[in-house]
file upload-v6.txt (compact mmCIF, N, CA and C atoms)
# COMPACT_ATOMS: atom_id res chain seq x y z
N MET A 1 123.28 61.31 20.06
CA MET A 1 122.15 60.44 20.36
C MET A 1 120.84 61.13 19.95
N ALA A 2 119.99 60.37 19.31
CA ALA A 2 118.71 60.91 18.84
C ALA A 2 117.76 61.12 20.02
N SER A 3 116.92 62.14 19.91
CA SER A 3 115.93 62.42 20.94
C SER A 3 114.83 61.36 20.88
N LEU A 4 114.01 61.33 21.90
CA LEU A 4 112.89 60.38 21.95
C LEU A 4 111.97 60.60 20.74
N ALA A 5 111.67 61.84 20.44
CA ALA A 5 110.79 62.14 19.30
C ALA A 5 111.41 61.63 18.00
N ASP A 6 112.72 61.82 17.85
CA ASP A 6 113.40 61.33 16.65
C ASP A 6 113.35 59.81 16.58
N ARG A 7 113.60 59.14 17.70
CA ARG A 7 113.59 57.67 17.71
C ARG A 7 112.21 57.14 17.33
N LYS A 8 111.16 57.75 17.87
CA LYS A 8 109.80 57.33 17.52
C LYS A 8 109.52 57.58 16.04
N ALA A 9 109.99 58.71 15.52
CA ALA A 9 109.78 59.02 14.11
C ALA A 9 110.51 58.02 13.23
N TYR A 10 111.73 57.64 13.60
CA TYR A 10 112.48 56.65 12.82
C TYR A 10 111.73 55.33 12.77
N ARG A 11 111.20 54.89 13.91
CA ARG A 11 110.46 53.62 13.96
C ARG A 11 109.25 53.67 13.03
N GLU A 12 108.51 54.78 13.08
CA GLU A 12 107.33 54.90 12.23
C GLU A 12 107.72 54.93 10.76
N LYS A 13 108.79 55.64 10.42
CA LYS A 13 109.26 55.69 9.03
C LYS A 13 109.63 54.30 8.54
N ILE A 14 110.30 53.53 9.37
CA ILE A 14 110.70 52.17 8.99
C ILE A 14 109.48 51.30 8.76
N MET A 15 108.52 51.36 9.69
CA MET A 15 107.32 50.54 9.55
C MET A 15 106.56 50.92 8.27
N ARG A 16 106.40 52.21 8.02
CA ARG A 16 105.68 52.67 6.84
C ARG A 16 106.40 52.25 5.57
N ALA A 17 107.72 52.41 5.55
CA ALA A 17 108.50 52.05 4.36
C ALA A 17 108.39 50.55 4.08
N LEU A 18 108.47 49.74 5.12
CA LEU A 18 108.35 48.29 4.94
C LEU A 18 106.97 47.91 4.42
N TYR A 19 105.95 48.49 5.04
CA TYR A 19 104.57 48.16 4.66
C TYR A 19 104.30 48.56 3.21
N GLU A 20 104.75 49.74 2.82
CA GLU A 20 104.52 50.20 1.45
C GLU A 20 105.33 49.39 0.44
N ALA A 21 106.57 49.08 0.76
CA ALA A 21 107.43 48.36 -0.18
C ALA A 21 106.99 46.91 -0.36
N THR A 22 106.48 46.30 0.70
CA THR A 22 106.11 44.88 0.63
C THR A 22 104.62 44.67 0.41
N GLU A 23 103.85 45.74 0.43
CA GLU A 23 102.39 45.66 0.30
C GLU A 23 101.81 44.67 1.31
N GLY A 24 102.39 44.65 2.51
CA GLY A 24 101.88 43.79 3.57
C GLY A 24 102.16 42.32 3.40
N ASN A 25 103.15 41.96 2.59
CA ASN A 25 103.49 40.56 2.33
C ASN A 25 104.66 40.16 3.23
N ARG A 26 104.43 39.18 4.11
CA ARG A 26 105.48 38.72 5.03
C ARG A 26 106.64 38.05 4.33
N LEU A 27 106.44 37.62 3.10
CA LEU A 27 107.50 36.93 2.39
C LEU A 27 108.49 37.88 1.73
N LEU A 28 108.15 39.16 1.71
CA LEU A 28 109.02 40.16 1.10
C LEU A 28 109.70 40.99 2.19
N GLY A 29 110.87 41.49 1.87
CA GLY A 29 111.58 42.33 2.81
C GLY A 29 112.27 43.47 2.09
N VAL A 30 112.93 44.30 2.87
CA VAL A 30 113.66 45.45 2.33
C VAL A 30 115.06 45.40 2.92
N THR A 31 116.05 45.69 2.10
CA THR A 31 117.42 45.68 2.61
C THR A 31 117.66 46.88 3.52
N GLY A 32 118.57 46.70 4.45
CA GLY A 32 118.96 47.80 5.31
C GLY A 32 119.55 48.95 4.51
N ALA A 33 120.30 48.62 3.46
CA ALA A 33 120.90 49.65 2.61
C ALA A 33 119.83 50.51 1.95
N LYS A 34 118.75 49.88 1.51
CA LYS A 34 117.66 50.64 0.88
C LYS A 34 116.97 51.54 1.90
N LEU A 35 116.76 51.03 3.12
CA LEU A 35 116.16 51.85 4.17
C LEU A 35 117.04 53.04 4.50
N LEU A 36 118.34 52.80 4.60
CA LEU A 36 119.28 53.90 4.88
C LEU A 36 119.17 54.98 3.82
N GLN A 37 119.13 54.56 2.58
CA GLN A 37 119.09 55.50 1.46
C GLN A 37 117.76 56.25 1.41
N GLU A 38 116.66 55.54 1.51
CA GLU A 38 115.34 56.14 1.37
C GLU A 38 114.95 57.02 2.55
N LEU A 39 115.33 56.61 3.76
CA LEU A 39 114.86 57.30 4.95
C LEU A 39 115.85 58.32 5.50
N ALA A 40 117.06 58.33 4.97
CA ALA A 40 118.10 59.26 5.43
C ALA A 40 118.29 59.18 6.95
N ILE A 41 118.44 57.94 7.42
CA ILE A 41 118.69 57.68 8.84
C ILE A 41 120.12 57.15 8.96
N SER A 42 120.81 57.52 10.02
CA SER A 42 122.17 57.01 10.21
C SER A 42 122.13 55.51 10.48
N GLU A 43 123.23 54.83 10.21
CA GLU A 43 123.30 53.38 10.45
C GLU A 43 123.01 53.05 11.91
N GLU A 44 123.55 53.86 12.82
CA GLU A 44 123.35 53.63 14.25
C GLU A 44 121.88 53.76 14.63
N ASP A 45 121.22 54.81 14.12
CA ASP A 45 119.81 55.01 14.43
C ASP A 45 118.93 53.95 13.78
N LEU A 46 119.28 53.52 12.56
CA LEU A 46 118.53 52.46 11.90
C LEU A 46 118.64 51.16 12.70
N ALA A 47 119.85 50.83 13.13
CA ALA A 47 120.05 49.60 13.91
C ALA A 47 119.27 49.66 15.23
N ALA A 48 119.30 50.80 15.90
CA ALA A 48 118.59 50.94 17.17
C ALA A 48 117.08 50.83 16.97
N ALA A 49 116.57 51.48 15.93
CA ALA A 49 115.13 51.42 15.66
C ALA A 49 114.70 50.00 15.29
N CYS A 50 115.51 49.32 14.48
CA CYS A 50 115.19 47.94 14.10
C CYS A 50 115.22 47.02 15.31
N ALA A 51 116.20 47.20 16.18
CA ALA A 51 116.28 46.37 17.38
C ALA A 51 115.04 46.58 18.25
N TYR A 52 114.60 47.81 18.38
CA TYR A 52 113.40 48.11 19.17
C TYR A 52 112.17 47.44 18.54
N LEU A 53 111.98 47.64 17.24
CA LEU A 53 110.82 47.07 16.55
C LEU A 53 110.84 45.55 16.58
N MET A 54 112.03 44.98 16.53
CA MET A 54 112.16 43.53 16.62
C MET A 54 111.74 43.06 18.02
N GLY A 55 112.13 43.81 19.04
CA GLY A 55 111.73 43.48 20.41
C GLY A 55 110.23 43.56 20.62
N GLU A 56 109.56 44.39 19.85
CA GLU A 56 108.10 44.52 19.92
C GLU A 56 107.40 43.50 19.03
N ASP A 57 108.17 42.63 18.37
CA ASP A 57 107.66 41.60 17.46
C ASP A 57 106.91 42.19 16.27
N LEU A 58 107.39 43.34 15.79
CA LEU A 58 106.77 43.96 14.63
C LEU A 58 107.56 43.69 13.36
N ILE A 59 108.86 43.40 13.48
CA ILE A 59 109.71 43.10 12.33
C ILE A 59 110.66 41.97 12.69
N THR A 60 111.22 41.36 11.66
CA THR A 60 112.35 40.46 11.83
C THR A 60 113.53 41.08 11.09
N VAL A 61 114.73 40.82 11.59
CA VAL A 61 115.92 41.41 11.00
C VAL A 61 116.98 40.34 10.82
N ASP A 62 117.54 40.27 9.64
CA ASP A 62 118.75 39.49 9.39
C ASP A 62 119.89 40.49 9.51
N TRP A 63 120.77 40.28 10.49
CA TRP A 63 121.83 41.23 10.78
C TRP A 63 123.09 40.90 10.00
N ALA A 64 123.71 41.93 9.47
CA ALA A 64 125.03 41.81 8.85
C ALA A 64 126.07 42.10 9.92
N SER A 65 127.33 41.99 9.58
CA SER A 65 128.38 42.29 10.56
C SER A 65 128.30 43.76 10.96
N GLY A 66 128.69 44.04 12.19
CA GLY A 66 128.68 45.41 12.68
C GLY A 66 127.31 45.89 13.11
N ASN A 67 126.42 44.96 13.42
CA ASN A 67 125.06 45.30 13.85
C ASN A 67 124.31 46.17 12.84
N THR A 68 124.51 45.87 11.59
CA THR A 68 123.81 46.57 10.51
C THR A 68 122.71 45.66 9.98
N PRO A 69 121.48 46.18 9.88
CA PRO A 69 120.41 45.36 9.31
C PRO A 69 120.70 45.03 7.84
N ASP A 70 120.66 43.74 7.52
CA ASP A 70 120.89 43.31 6.15
C ASP A 70 119.55 43.23 5.42
N MET A 71 118.58 42.53 6.02
CA MET A 71 117.25 42.38 5.44
C MET A 71 116.23 42.56 6.56
N VAL A 72 115.20 43.36 6.30
CA VAL A 72 114.18 43.67 7.30
C VAL A 72 112.82 43.27 6.74
N THR A 73 112.03 42.56 7.55
CA THR A 73 110.74 42.04 7.12
C THR A 73 109.69 42.29 8.19
N LEU A 74 108.48 42.60 7.79
CA LEU A 74 107.39 42.75 8.75
C LEU A 74 106.95 41.38 9.27
N THR A 75 106.60 41.31 10.53
CA THR A 75 105.99 40.10 11.09
C THR A 75 104.48 40.18 10.87
N HIS A 76 103.79 39.12 11.20
CA HIS A 76 102.32 39.12 11.12
C HIS A 76 101.76 40.24 11.99
N GLN A 77 102.32 40.37 13.19
CA GLN A 77 101.87 41.42 14.12
C GLN A 77 102.13 42.81 13.54
N GLY A 78 103.27 42.98 12.89
CA GLY A 78 103.59 44.25 12.26
C GLY A 78 102.63 44.60 11.14
N ILE A 79 102.28 43.61 10.34
CA ILE A 79 101.31 43.83 9.26
C ILE A 79 99.95 44.20 9.83
N ARG A 80 99.53 43.50 10.87
CA ARG A 80 98.24 43.80 11.49
C ARG A 80 98.21 45.22 12.02
N ARG A 81 99.32 45.66 12.63
CA ARG A 81 99.39 47.02 13.16
C ARG A 81 99.27 48.06 12.03
N MET A 82 99.98 47.82 10.95
CA MET A 82 99.94 48.77 9.84
C MET A 82 98.57 48.77 9.16
N GLU A 83 97.94 47.61 9.06
CA GLU A 83 96.59 47.54 8.48
C GLU A 83 95.59 48.28 9.35
N ALA A 84 95.72 48.15 10.67
CA ALA A 84 94.83 48.85 11.59
C ALA A 84 95.00 50.37 11.45
N GLU A 85 96.25 50.82 11.32
CA GLU A 85 96.50 52.25 11.12
C GLU A 85 95.91 52.74 9.80
N GLU A 86 96.06 51.91 8.76
CA GLU A 86 95.52 52.28 7.46
C GLU A 86 94.00 52.39 7.52
N GLU A 87 93.36 51.45 8.19
CA GLU A 87 91.90 51.49 8.33
C GLU A 87 91.46 52.70 9.13
N ALA A 88 92.19 53.04 10.18
CA ALA A 88 91.83 54.16 11.05
C ALA A 88 91.98 55.51 10.35
N HIS A 89 92.95 55.59 9.43
CA HIS A 89 93.21 56.86 8.76
C HIS A 89 92.66 56.92 7.35
N GLY A 90 91.97 55.88 6.96
CA GLY A 90 91.34 55.88 5.63
C GLY A 90 92.27 55.46 4.60
call {"tool": "encode", "arguments": {"input": "upload-v6.txt", "output": "structure tokens"}}
result
Amino acid sequence: MASLADRKAYREKIMRALYEATEGNRLLGVTGAKLLQELAISEEDLAAACAYLMGEDLITVDWASGNTPDMVTLTHQGIRRMEAEEEAHG
């Protein structure tokens, strides 16, 4: 089981990867397979992080069998959060 710090880091990595890949466009998404490959996160940790972010209304997830994210997309709220972070950090 991942530590709290690891779980938070996974969530941030997912949000950043989605925002960068989609350039803040809600109509675009990233496959779970691509996130697994790019972020080097286990399937279990990716699924848990996506479920958490979905519960916070920051992403939407189309789930494949076995609770594996098939397609992950930022919500409007998720885009706003990432834009606010970008503005705060320059």
call {"tool": "closest_residue", "arguments": {"input": "upload-v6.txt", "among": "A:Val61, A:Met1, A:Leu53, A:Ala17", "to": "A:Gln37", "atoms": "only C-alpha atoms"}}
result
A:Ala17
call {"tool": "select_by_dssp", "arguments": {"input": "upload-v6.txt", "residues": "chain A", "states": "alpha helix (DSSP H)", "output": "PyMOL selection string"}}
result
chain A and resi 4-22+32-39+43-55+76-89
call {"tool": "select_by_dssp", "arguments": {"input": "upload-v6.txt", "residues": "chain A", "states": "strand (DSSP E or B)", "output": "ChimeraX atom specification"}}
result
/A:30-31,59-64,68-74
call {"tool": "atom_distance", "arguments": {"input": "upload-v6.txt", "atom1": "atom CA of A:Met82", "atom2": "atom CA of A:Ala64"}}
result
26.1 Å
call {"tool": "closest_residue", "arguments": {"input": "upload-v6.txt", "among": "A:Ser65, A:Ile14, A:Tyr19, A:Ala49", "to": "A:Leu35", "atoms": "all atoms listed in the file"}}
result
A:Ile14
call {"tool": "closest_residue", "arguments": {"input": "upload-v6.txt", "among": "A:Gly66, A:Ile59, A:Arg11, A:Leu4", "to": "A:Glu43", "atoms": "only C-alpha atoms"}}
result
A:Gly66
call {"tool": "atom_distance", "arguments": {"input": "upload-v6.txt", "atom1": "atom CA of A:Leu39", "atom2": "atom CA of A:Arg7"}}
result
12.8 Å
call {"tool": "residues_around", "arguments": {"input": "upload-v6.txt", "residues": "A:Glu23", "least_positions_apart": "4", "cutoff": "12 Å", "atoms": "only C-alpha atoms", "output": "MDAnalysis selection string"}}
result
chainID A and resid 15:19 27:30 73:74 79 82:83 86
call {"tool": "atom_distance", "arguments": {"input": "upload-v6.txt", "atom1": "atom CA of A:Glu87", "atom2": "atom CA of A:Gly24"}}
result
13.5 Å
call {"tool": "decode", "arguments": {"input": "upload-v6.txt", "residues": "stretch 50-70 of chain A", "atoms": "N, CA and C atoms", "output": "PDB file, in the first residue's frame"}}
result
ATOM      1  N   CYS A  50      -7.172   7.838  -9.457  1.00  0.00           N
ATOM      2  CA  CYS A  50      -8.243   8.300 -10.346  1.00  0.00           C
ATOM      3  C   CYS A  50      -9.594   8.305  -9.628  1.00  0.00           C
ATOM      4  N   ALA A  51      -9.856   7.290  -8.837  1.00  0.00           N
ATOM      5  CA  ALA A  51     -11.113   7.243  -8.088  1.00  0.00           C
ATOM      6  C   ALA A  51     -11.201   8.424  -7.124  1.00  0.00           C
ATOM      7  N   TYR A  52     -10.107   8.749  -6.470  1.00  0.00           N
ATOM      8  CA  TYR A  52     -10.081   9.886  -5.544  1.00  0.00           C
ATOM      9  C   TYR A  52     -10.342  11.195  -6.298  1.00  0.00           C
ATOM     10  N   LEU A  53      -9.605  11.408  -7.392  1.00  0.00           N
ATOM     11  CA  LEU A  53      -9.757  12.642  -8.170  1.00  0.00           C
ATOM     12  C   LEU A  53     -11.151  12.759  -8.770  1.00  0.00           C
ATOM     13  N   MET A  54     -11.725  11.632  -9.135  1.00  0.00           N
ATOM     14  CA  MET A  54     -13.090  11.627  -9.656  1.00  0.00           C
ATOM     15  C   MET A  54     -14.067  12.043  -8.547  1.00  0.00           C
ATOM     16  N   GLY A  55     -13.840  11.551  -7.347  1.00  0.00           N
ATOM     17  CA  GLY A  55     -14.676  11.926  -6.206  1.00  0.00           C
ATOM     18  C   GLY A  55     -14.594  13.404  -5.872  1.00  0.00           C
ATOM     19  N   GLU A  56     -13.468  14.022  -6.184  1.00  0.00           N
ATOM     20  CA  GLU A  56     -13.277  15.457  -5.966  1.00  0.00           C
ATOM     21  C   GLU A  56     -13.788  16.277  -7.144  1.00  0.00           C
ATOM     22  N   ASP A  57     -14.357  15.619  -8.159  1.00  0.00           N
ATOM     23  CA  ASP A  57     -14.882  16.252  -9.371  1.00  0.00           C
ATOM     24  C   ASP A  57     -13.800  16.986 -10.156  1.00  0.00           C
ATOM     25  N   LEU A  58     -12.588  16.423 -10.151  1.00  0.00           N
ATOM     26  CA  LEU A  58     -11.494  17.019 -10.907  1.00  0.00           C
ATOM     27  C   LEU A  58     -11.264  16.312 -12.232  1.00  0.00           C
ATOM     28  N   ILE A  59     -11.668  15.039 -12.330  1.00  0.00           N
ATOM     29  CA  ILE A  59     -11.525  14.262 -13.557  1.00  0.00           C
ATOM     30  C   ILE A  59     -12.764  13.404 -13.764  1.00  0.00           C
ATOM     31  N   THR A  60     -12.928  12.935 -14.989  1.00  0.00           N
ATOM     32  CA  THR A  60     -13.895  11.889 -15.288  1.00  0.00           C
ATOM     33  C   THR A  60     -13.103  10.688 -15.788  1.00  0.00           C
ATOM     34  N   VAL A  61     -13.628   9.503 -15.524  1.00  0.00           N
ATOM     35  CA  VAL A  61     -12.933   8.284 -15.903  1.00  0.00           C
ATOM     36  C   VAL A  61     -13.905   7.333 -16.577  1.00  0.00           C
ATOM     37  N   ASP A  62     -13.508   6.827 -17.724  1.00  0.00           N
ATOM     38  CA  ASP A  62     -14.199   5.697 -18.350  1.00  0.00           C
ATOM     39  C   ASP A  62     -13.417   4.472 -17.908  1.00  0.00           C
ATOM     40  N   TRP A  63     -14.081   3.581 -17.172  1.00  0.00           N
ATOM     41  CA  TRP A  63     -13.405   2.426 -16.593  1.00  0.00           C
ATOM     42  C   TRP A  63     -13.469   1.226 -17.522  1.00  0.00           C
ATOM     43  N   ALA A  64     -12.364   0.535 -17.626  1.00  0.00           N
ATOM     44  CA  ALA A  64     -12.302  -0.748 -18.337  1.00  0.00           C
ATOM     45  C   ALA A  64     -12.554  -1.848 -17.309  1.00  0.00           C
ATOM     46  N   SER A  65     -12.601  -3.077 -17.756  1.00  0.00           N
ATOM     47  CA  SER A  65     -12.807  -4.183 -16.819  1.00  0.00           C
ATOM     48  C   SER A  65     -11.638  -4.254 -15.843  1.00  0.00           C
ATOM     49  N   GLY A  66     -11.917  -4.715 -14.640  1.00  0.00           N
ATOM     50  CA  GLY A  66     -10.881  -4.845 -13.631  1.00  0.00           C
ATOM     51  C   GLY A  66     -10.530  -3.538 -12.946  1.00  0.00           C
ATOM     52  N   ASN A  67     -11.442  -2.579 -12.979  1.00  0.00           N
ATOM     53  CA  ASN A  67     -11.223  -1.268 -12.354  1.00  0.00           C
ATOM     54  C   ASN A  67      -9.964  -0.573 -12.863  1.00  0.00           C
ATOM     55  N   THR A  68      -9.725  -0.698 -14.136  1.00  0.00           N
ATOM     56  CA  THR A  68      -8.592  -0.028 -14.775  1.00  0.00           C
ATOM     57  C   THR A  68      -9.119   1.168 -15.558  1.00  0.00           C
ATOM     58  N   PRO A  69      -8.527   2.355 -15.350  1.00  0.00           N
ATOM     59  CA  PRO A  69      -8.957   3.513 -16.130  1.00  0.00           C
ATOM     60  C   PRO A  69      -8.664   3.300 -17.617  1.00  0.00           C
ATOM     61  N   ASP A  70      -9.697   3.470 -18.437  1.00  0.00           N
ATOM     62  CA  ASP A  70      -9.531   3.338 -19.880  1.00  0.00           C
ATOM     63  C   ASP A  70      -9.212   4.704 -20.479  1.00  0.00           C
TER      64      ASP A  70
END
